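Notes follow the structure.
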Number of protein chains: 2
Amino acid sequence: MSALSGIRSIMEDIALAATDTSGDTWLNLSPGNPAAIPQVTDTWRRLYEEAVASGFAEFSGRYGPSRGSDVLVDAIVRYFNARYGWGIGPQNVLVGAGCQMLAFMATTVFTGPGDDGPRRLVLPSVPDYTGYQGLSLDAGGIVGVEPGVEFQDGRFFRYTFDLEAVRAQSSVGMMLLSSPGNPTGRTLLRDDLSGLMEIAEERDIPLVLDHAYGDPFPGVAQGAVDPPLHPNVINCFTFSKAGLPGERLGFAIGPRDAIDAMLSFTANSHLHAPQLIQATAALALNTGAIDTLTTEAIRPYYRDKRRTAEKLLHDLLPDALDWRLHSTDGGMFCWLWIDHAWFSDLVLYEALKRKKVFVVPGRHFFVEPFASPFLAEHATRCVRLSLSPDETVIAEGIARLAEALEEMRGAK
Amino acid sequence: MSALSGIRSIMEDIALAATDTSGDTWLNLSPGNPAAIPQVTDTWRRLYEEAVASGFAEFSGRYGPSRGSDVLVDAIVRYFNARYGWGIGPQNVLVGAGCQMLAFMATTVFTGPGDDGPRRLVLPSVPDYTGYQGLSLDAGGIVGVEPGVEFQDGRFFRYTFDLEAVRAQSSVGMMLLSSPGNPTGRTLLRDDLSGLMEIAEERDIPLVLDHAYGDPFPGVAQGAVDPPLHPNVINCFTFSKAGLPGERLGFAIGPRDAIDAMLSFTANSHLHAPQLIQATAALALNTGAIDTLTTEAIRPYYRDKRRTAEKLLHDLLPDALDWRLHSTDGGMFCWLWIDHAWFSDLVLYEALKRKKVFVVPGRHFFVEPFASPFLAEHATRCVRLSLSPDETVIAEGIARLAEALEEMRGAK
C-alpha cells in the first residue's frame with residue numbers, strides 16, 4: 001500500500017519525457033485520461049461557473065455531510081430512479097472523493113483480517129484496472145482469477161468469465177471488477193452478472209461493480225446490462241471519464257448496510273468530498289446536461305476513435321504477426337495480444353520509449369502471483385493503447401508500434 | 001473505523017433541528033466551522049474565479065500528480081522557505097484531500113500491527129480534536145495521555161504536558177496533536193515541543209503536528225512556536241480554517257521518507273487531491289492574499305470574539321459556581337470546566353437542547369478508556385463553545401447556558 005505500483009513508474013517516465021529538450025515529439029498512447037472534447041469542457045465550465053455564482057460561500061465555506069451534499073445526493077436519487085425505475089433513497093447513496101477512493105474504502109471495510117481468518121479481494125477476471133492492485137492494506141490480499149479465452153472472427157478474441165474458478169476461491173471478502181473493463185472494453189453479459197451475484201449472495205459478500213466507463217455516463221459501451229440493484233452489489237460511478245478526472249468525484253449506490261459502513265469510514269478518514277464540484281455535478285444531473293454530453297459528444301467520439309484505431313492496426317501491423325485484438329463493447333482502450341515467444345511487453349515498452357512512444361505493458365493489469373502458467377506467459381504478451389490522444393498521435397504511434405514489432409521479430 | 005463517533009450523533013441532532021418547524025430559533029454554539037467573514041469569502045471567490053479563468057480544462061480535465069499539482073507544491077515550497085528560512089523542496093511536500101485525510105494516512109501507515117507487535121496512536125495530551133479518535137483502523141489502537149493541570153489567576157486554568165507519562169507509553173507508532181489545540185486553544189511551548197521531538201527521535205517514530213488553527217494561516221494564535229523542521233516531525237496544514245472547509249484541502253511538510261510513504265498511499269487510495277482548488281490555493285500563497293486574510297480579517301475577528309465571550313462568561317455565569325476557562329493562546333473555541341459532582345456534560349447537553357442551544361460535551365475530546373480516575377471524572381465536567389457564530393448568538397447562547405447551570409445546580 002505504501003509502495004508504488006509498476007504503473008506509477010511509467011508515469012514517472014512520462015513526467016521525465018515532458019522535460020525532454022531534444023525537440024522530438026513524444027507520442028503518449030498510455031493515458032487513462034479521457035480526451036479533452038471541447039463540448040465536454042465547455043459544458044462543465046459553464047455548470048461550474050453557475051455553481052460558483054449560486055452558492056460559493058454556502059458550498060466552499062461550510063463543512064458538508066459525509067454522505068455528500070444534499071443537492072447532489074438528491075439529484076443522484078432522482079436521476080437513477082427515473083432512469084432505471086429504482087426506488088432508492090439517500091440511504092443507498094454515498095458520494096466519494098473519486099471512484100478509486102470508494103473502491104479503497106470498500107476494500108478496507110470488507111477485506112483484510114476477519115474473525116474467521118483472512119478476507120481477500122478477488123478480481124473475478126483479470127486483466128482488470130491496475131489501480132485495484134494498490135487497494136489492499138495487506139500484502140498478498142488480492143487474487144486475480146484466470147479468464148477463459150474465446151477466439152473470434154479475424155484478429156479478434158474475448159476473455160470469458162470462469163465462474164467455477166471464481167466459486168472455487170476461498171477466504172473471499174469482496175469481489176471487484178470494471179465493466180466496461182479497463183483495459184479490455186468488455187462489458188458483463190447478463191449470465192456472467194447473474195453468476196457473480198449468485199456467488200456474492202451465497203457467501204454474503206459485496207460484489208463491487210466499477211462503471212467508470214459504462215452507463216449511464218460516460219456511456220461508452222454498447223449492449224451493457226443495466227447497473228443491478230441487488231442486496232450484495234455496490235455500484236460505483238464517477239464523473240472522471242465524463243470529463244472531470246482532475247476533480248476526483250464519484251459515488252456509490254448500494255444496500256444500506258454496506259453504504260453505512262463506507263459512510264462512517266468517510267466521516268472518520270476525510271469528512272466528505274469537496275462541495276463546489278458536487279454542486280456542479282448536481283446541475284449536470286438535474287439539467288440533463290450529462291446525458292447530452294454522453295450521447296452527443298463522448299460516445300460518438302470513442303466509437304469513431306476505436307474504428308480508426310482498428311483500421312490502423314489492421315493496415316499497419318505485420319500480416320505474418322500473430323496479433324489479436326480484444327473485441328470491444330466500449331471503453332477507451334485497445335487491448336492487443338502479441339502471441340509469440342520472442343515477445344515481451346517490457347521489451348516492447350523500452351523499444352517504443354526509444355521511438356518516443358508510451359504504451360502500457362500488459363502485465364500491470366494482472367495480479368501476481370499469476371493464477372496459472374498460461375497467465376504468467378500471457379500477461380507478458382499484451383499491451384494497452386489509449387483511444388484518447390489525437391488521431392494523428394494514434395496513427396503515428398501505431399506506425400511506430402508496427403516498426404518496433406518488425407524489429408523485435410527480426411531480432412528474435 | 002466503520003462506526004460513527006459520538007460527535008457525529010450531535011451533527012445528526014443539529015441536522016434534525018434544522019427541520020424544526022416550531023418557529024423557535026436554534027443557537028448553535030457547537031460548530032467547528034470557521035465563521036463566514038465577508039472579506040475572506042470575497043477573496044477566495046475572486047481567486048477561485050481567477051483559477052477557473054486561467055486553466056479550467058488544464059486542472060479539471062486531467063489527472064494530476066499524487067504529490068499535488070506542480071503549481072501548488074511549488075507555491076508551498078517557496079512560501080515556507082521564504083517565511084521560515086527553510087530549505088525544503090517538493091520531496092518534502094504532500095498535498096492531501098484535507099488535514100483529516102493526511103492524519104488518516106499517517107495513522108494507517110505508521111500505526112497498527114507491526115513486525116514487533118502493535119503500534120499505537122498516542123495523543124500526548126488530551127483533550128484533543130475528536131476527529132483523531134476515528135483515525136485508527138484498530139479498535140483500541142489509540143491512547144490519550146493525561147495532562148497536568150495548572151491553576152492560574154482568576155477563573156483560568158491550563159493543561160500542561162506530562163512528558164514523563166508520554167515517555168512511559170509502550171508500543172507507540174506515532175504521536176499526534178493539534179496546536180493551537182482544539183478544544184483548548186493552547187499552543188505548544190518550546191520546551192514541550194523539544195521534549196516531544198526528543199521522544200519521537202528516541203523511538204524513531206513520527207510526531208504529527210496539526211497546525212489547523214495555527215501559523216502561518218489562519219494564524220489565530222499568539223506566541224506560537226514556529227512549525228519545526230525536524231527529521232521526525234510531519235507538519236500538517238489546512239486551508240479549512242482560513243475559509244475553505246467545504247473544499248477539503250490540506251498539505252503535509254516533513255521528512256522525505258515519511259512523505260514518500262504517504263505519497264504512495266495517496267496514489268493507491270485516491271490518486272490525488274482535486275485540482276481547481278489547488279490552483280486557487282496556489283494563487284493565495286503566491287499573491288500573499290492568504291497573509292492579508294490572516295492578519296487583517298481572521299486573527300482580529302477571533303481575538304475580538306474571544307474577548308467578548310470571556311466577558312460574557314464572567315458577567316453571566318453564576319458567581320458561586322466553580323467554573324473555569326482554559327486560558328487561550330488562540331484557536332476558535334472556549335473550553336469550560338464546571339467542577340461540581342452534580343455536573344455532567346451530557347446532562348447539560350440535553351438541558352441546553354431543550355433550550356434550543358447546541359454545545360459539544362467535553363467527553364468526546366478524551367480517549368476511552370480514560371487514563372486515570374481523575375480523567376474519567378474530569379472528562380464529564382467540560383464543555384466546548386465555538387467562537388464562530390454571530391456575536392448575538394454567542395451572547396444569547398451563554399445566557400441560556402448560565403440559566404441551565406443555575407437549574408442544574410438547583411436540582412442537585
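Within each chain, counting starts at residue 1; across the C-alpha cells, chains are named A, B, ... in the order shown, with ligands numbered 1 upward in that order.
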
ask   = Leaving out Asp191 in chain B and any residue of its chain fewer than 2 positions from it, which residues lie within 12 Å of it when counting only C-alpha atoms, given as a list in words?
value =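 Here the qualifying residues turn out to be Thr160, Phe161, Asp162, Leu163, Thr187, Leu188, Leu189, Leu193, Ser194, Gly195, Leu196, Met197, Glu198 and Val225 of chain B.
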
request  = Extract, using only C-alpha atoms, all DNA, RNA and protein residues at most 6 Å from Ile142 in chain B, discarding same-chain residues fewer than 4 positions from it, and format them as a PyMOL selection string.
outcome  = chain B and resi 120-122

Atoms to include: N, CA, C and O atoms. Write the selected residues as a PDB file, in the first residue's frame.
```
ATOM      1  N   ARG B 120       0.717   1.819  18.492  1.00  0.00           N
ATOM      2  CA  ARG B 120      -0.475   2.607  18.797  1.00  0.00           C
ATOM      3  C   ARG B 120      -0.320   4.085  18.437  1.00  0.00           C
ATOM      4  O   ARG B 120       0.793   4.602  18.343  1.00  0.00           O
ATOM      5  N   LEU B 121      -1.468   4.717  18.247  1.00  0.00           N
ATOM      6  CA  LEU B 121      -1.502   6.163  18.045  1.00  0.00           C
ATOM      7  C   LEU B 121      -1.613   6.812  19.416  1.00  0.00           C
ATOM      8  O   LEU B 121      -2.562   6.543  20.157  1.00  0.00           O
ATOM      9  N   VAL B 122      -0.649   7.648  19.777  1.00  0.00           N
ATOM     10  CA  VAL B 122      -0.661   8.299  21.089  1.00  0.00           C
ATOM     11  C   VAL B 122      -0.951   9.786  20.939  1.00  0.00           C
ATOM     12  O   VAL B 122      -0.278  10.485  20.180  1.00  0.00           O
TER      13      VAL B 122
END
```

Interface residues on chain B facing chain A, 6 Å, only C-alpha atoms, written as a list in words = Met1, Ser2, Ala3, Leu4, Phe59, Ser60, Gly61, Arg62, Tyr63, Gln100, Met101, Phe104, Gly134, Leu135, Gly243, Leu244, Pro245, Gly246, Glu247, Arg248, Ala261, Ser264, Phe265, Asn268, Ser269, His270, Pro274 and Gln275 of chain B

key: Residues near Pro183 in chain A, cut-off 9 Å, only C-alpha atoms, skip fewer than 4 positions along chain, as a PyMOL selection string   = chain A and resi 127-130+331-335+362+365+384-385

ask   = By how many Å are CA of Gly117 in chain A and CA of Met175 in chain A apart?
value =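 Between CA of Gly117 in chain A and CA of Met175 in chain A the gap is 17.0 Å.
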
task = Would you please extract all strand (DSSP E) residues from range 136-326 of chain B, as assigned by DSSP on the backbone, and give them as a PyMOL selection string?
result = chain B and resi 142-144+148-151+156-160+172-178+207-210+233-238+250-253+323-326

note = Between CA of Leu387 in chain B and CA of Arg299 in chain B lies a distance of 12.1 Å

key: Gly330 in chain B environment, 10 Å, only C-alpha atoms, sequence neighbours closer than 2 positions dropped, as a VMD selection string   = chain B and resid 179 to 182 184 to 187 213 to 214 219 to 224 299 302 to 303 306 327 to 328 332 to 334

ask   = Which residues come within 7 Å of Glu146 in chain A, counting only C-alpha atoms, excluding same-chain residues fewer than 5 positions away, as a PyMOL selection string?
value = chain A and resi 125-126+371+375

For C-alpha atoms, I'd like the residues from the last selection saved as a PDB file, in the first residue's frame.
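Just written: part_2.pdb:
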```pdb
ATOM      1  CA  SER A 125     -11.468 -11.972 -14.272  1.00  0.00           C
ATOM      2  CA  VAL A 126      -8.048 -10.497 -14.963  1.00  0.00           C
ATOM      3  CA  ALA A 371      -3.004 -17.989 -11.214  1.00  0.00           C
ATOM      4  CA  LEU A 375      -1.433 -16.467 -17.309  1.00  0.00           C
TER       5      LEU A 375
END
```

message = Can you pull out the residues contacting Pro118 in chain B? Cut-off 10 Å, using only C-alpha atoms, and skip same-chain residues under 2 positions away; I want them as an MDAnalysis selection string.
response = chainID B and resid 111:116 120:121 138 141 170:173

Written selection (all heavy atoms) as a PDB file, in the first residue's frame:
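Output (again_28.pdb):
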```pdb
ATOM      1  N   THR B 111       0.809   3.341  12.266  1.00  0.00           N
ATOM      2  CA  THR B 111       0.302   2.600  13.423  1.00  0.00           C
ATOM      3  C   THR B 111      -0.359   1.310  12.941  1.00  0.00           C
ATOM      4  O   THR B 111      -0.424   1.055  11.744  1.00  0.00           O
ATOM      5  CB  THR B 111      -0.708   3.424  14.250  1.00  0.00           C
ATOM      6  OG1 THR B 111      -1.967   3.462  13.570  1.00  0.00           O
ATOM      7  CG2 THR B 111      -0.228   4.845  14.487  1.00  0.00           C
ATOM      8  N   GLY B 112      -0.852   0.525  13.879  1.00  0.00           N
ATOM      9  CA  GLY B 112      -1.460  -0.760  13.527  1.00  0.00           C
ATOM     10  C   GLY B 112      -0.483  -1.888  13.808  1.00  0.00           C
ATOM     11  O   GLY B 112       0.576  -1.672  14.392  1.00  0.00           O
ATOM     12  N   PRO B 113      -0.843  -3.097  13.381  1.00  0.00           N
ATOM     13  CA  PRO B 113       0.032  -4.241  13.646  1.00  0.00           C
ATOM     14  C   PRO B 113       1.391  -4.027  12.981  1.00  0.00           C
ATOM     15  O   PRO B 113       1.455  -3.630  11.823  1.00  0.00           O
ATOM     16  CB  PRO B 113      -0.710  -5.412  12.989  1.00  0.00           C
ATOM     17  CG  PRO B 113      -2.114  -4.944  12.777  1.00  0.00           C
ATOM     18  CD  PRO B 113      -2.051  -3.465  12.632  1.00  0.00           C
ATOM     19  N   GLY B 114       2.463  -4.249  13.713  1.00  0.00           N
ATOM     20  CA  GLY B 114       3.812  -4.099  13.156  1.00  0.00           C
ATOM     21  C   GLY B 114       4.604  -5.376  13.335  1.00  0.00           C
ATOM     22  O   GLY B 114       4.115  -6.341  13.926  1.00  0.00           O
ATOM     23  N   ASP B 115       5.826  -5.388  12.816  1.00  0.00           N
ATOM     24  CA  ASP B 115       6.661  -6.590  12.924  1.00  0.00           C
ATOM     25  C   ASP B 115       6.944  -6.941  14.381  1.00  0.00           C
ATOM     26  O   ASP B 115       7.100  -8.104  14.739  1.00  0.00           O
ATOM     27  CB  ASP B 115       7.990  -6.372  12.185  1.00  0.00           C
ATOM     28  CG  ASP B 115       7.759  -6.229  10.685  1.00  0.00           C
ATOM     29  OD1 ASP B 115       6.688  -6.679  10.213  1.00  0.00           O
ATOM     30  OD2 ASP B 115       8.624  -5.661   9.999  1.00  0.00           O
ATOM     31  N   ASP B 116       7.017  -5.899  15.230  1.00  0.00           N
ATOM     32  CA  ASP B 116       7.342  -6.150  16.639  1.00  0.00           C
ATOM     33  C   ASP B 116       6.125  -5.958  17.536  1.00  0.00           C
ATOM     34  O   ASP B 116       6.245  -5.526  18.683  1.00  0.00           O
ATOM     35  CB  ASP B 116       8.468  -5.202  17.093  1.00  0.00           C
ATOM     36  CG  ASP B 116       9.680  -5.300  16.178  1.00  0.00           C
ATOM     37  OD1 ASP B 116      10.007  -6.431  15.785  1.00  0.00           O
ATOM     38  OD2 ASP B 116      10.264  -4.249  15.848  1.00  0.00           O
ATOM     39  N   ARG B 120       0.717   1.819  18.492  1.00  0.00           N
ATOM     40  CA  ARG B 120      -0.475   2.607  18.797  1.00  0.00           C
ATOM     41  C   ARG B 120      -0.320   4.085  18.437  1.00  0.00           C
ATOM     42  O   ARG B 120       0.793   4.602  18.343  1.00  0.00           O
ATOM     43  CB  ARG B 120      -0.807   2.468  20.287  1.00  0.00           C
ATOM     44  CG  ARG B 120      -1.134   1.020  20.671  1.00  0.00           C
ATOM     45  CD  ARG B 120      -1.489   0.903  22.132  1.00  0.00           C
ATOM     46  NE  ARG B 120      -0.424   1.416  22.986  1.00  0.00           N
ATOM     47  CZ  ARG B 120      -0.558   1.627  24.290  1.00  0.00           C
ATOM     48  NH1 ARG B 120      -1.712   1.359  24.882  1.00  0.00           N
ATOM     49  NH2 ARG B 120       0.449   2.086  25.002  1.00  0.00           N
ATOM     50  N   LEU B 121      -1.468   4.717  18.247  1.00  0.00           N
ATOM     51  CA  LEU B 121      -1.502   6.163  18.045  1.00  0.00           C
ATOM     52  C   LEU B 121      -1.613   6.812  19.416  1.00  0.00           C
ATOM     53  O   LEU B 121      -2.562   6.543  20.157  1.00  0.00           O
ATOM     54  CB  LEU B 121      -2.712   6.543  17.187  1.00  0.00           C
ATOM     55  CG  LEU B 121      -3.008   8.043  17.044  1.00  0.00           C
ATOM     56  CD1 LEU B 121      -1.858   8.777  16.365  1.00  0.00           C
ATOM     57  CD2 LEU B 121      -4.301   8.262  16.258  1.00  0.00           C
ATOM     58  N   ASP B 138      -7.708   0.027  13.966  1.00  0.00           N
ATOM     59  CA  ASP B 138      -7.732  -0.997  15.007  1.00  0.00           C
ATOM     60  C   ASP B 138      -8.472  -0.495  16.237  1.00  0.00           C
ATOM     61  O   ASP B 138      -8.129   0.555  16.778  1.00  0.00           O
ATOM     62  CB  ASP B 138      -6.306  -1.359  15.427  1.00  0.00           C
ATOM     63  CG  ASP B 138      -5.503  -1.853  14.250  1.00  0.00           C
ATOM     64  OD1 ASP B 138      -5.880  -2.899  13.709  1.00  0.00           O
ATOM     65  OD2 ASP B 138      -4.546  -1.168  13.860  1.00  0.00           O
ATOM     66  N   GLY B 141      -6.687   1.084  19.330  1.00  0.00           N
ATOM     67  CA  GLY B 141      -5.375   1.461  18.810  1.00  0.00           C
ATOM     68  C   GLY B 141      -4.935   2.861  19.200  1.00  0.00           C
ATOM     69  O   GLY B 141      -3.867   3.304  18.801  1.00  0.00           O
ATOM     70  N   SER B 170       4.067   2.483  25.981  1.00  0.00           N
ATOM     71  CA  SER B 170       4.720   1.414  25.216  1.00  0.00           C
ATOM     72  C   SER B 170       3.981   1.219  23.893  1.00  0.00           C
ATOM     73  O   SER B 170       2.855   1.685  23.728  1.00  0.00           O
ATOM     74  CB  SER B 170       4.705   0.115  26.023  1.00  0.00           C
ATOM     75  OG  SER B 170       3.373  -0.226  26.324  1.00  0.00           O
ATOM     76  N   SER B 171       4.625   0.526  22.969  1.00  0.00           N
ATOM     77  CA  SER B 171       4.007   0.191  21.675  1.00  0.00           C
ATOM     78  C   SER B 171       3.467   1.426  20.964  1.00  0.00           C
ATOM     79  O   SER B 171       2.306   1.476  20.582  1.00  0.00           O
ATOM     80  CB  SER B 171       2.859  -0.812  21.859  1.00  0.00           C
ATOM     81  OG  SER B 171       3.268  -1.906  22.622  1.00  0.00           O
ATOM     82  N   VAL B 172       4.311   2.423  20.822  1.00  0.00           N
ATOM     83  CA  VAL B 172       3.872   3.665  20.180  1.00  0.00           C
ATOM     84  C   VAL B 172       4.316   3.680  18.715  1.00  0.00           C
ATOM     85  O   VAL B 172       5.484   3.436  18.414  1.00  0.00           O
ATOM     86  CB  VAL B 172       4.469   4.897  20.899  1.00  0.00           C
ATOM     87  CG1 VAL B 172       3.912   6.176  20.289  1.00  0.00           C
ATOM     88  CG2 VAL B 172       4.180   4.836  22.389  1.00  0.00           C
ATOM     89  N   GLY B 173       3.368   3.953  17.804  1.00  0.00           N
ATOM     90  CA  GLY B 173       3.709   4.032  16.385  1.00  0.00           C
ATOM     91  C   GLY B 173       3.837   5.460  15.902  1.00  0.00           C
ATOM     92  O   GLY B 173       4.583   5.762  14.972  1.00  0.00           O
TER      93      GLY B 173
END
```

In range 110-287 of chain A, DSSP alpha helix (DSSP H) residues written as a ChimeraX atom specification = /A:110,163-167,190-203,256-270,276-287
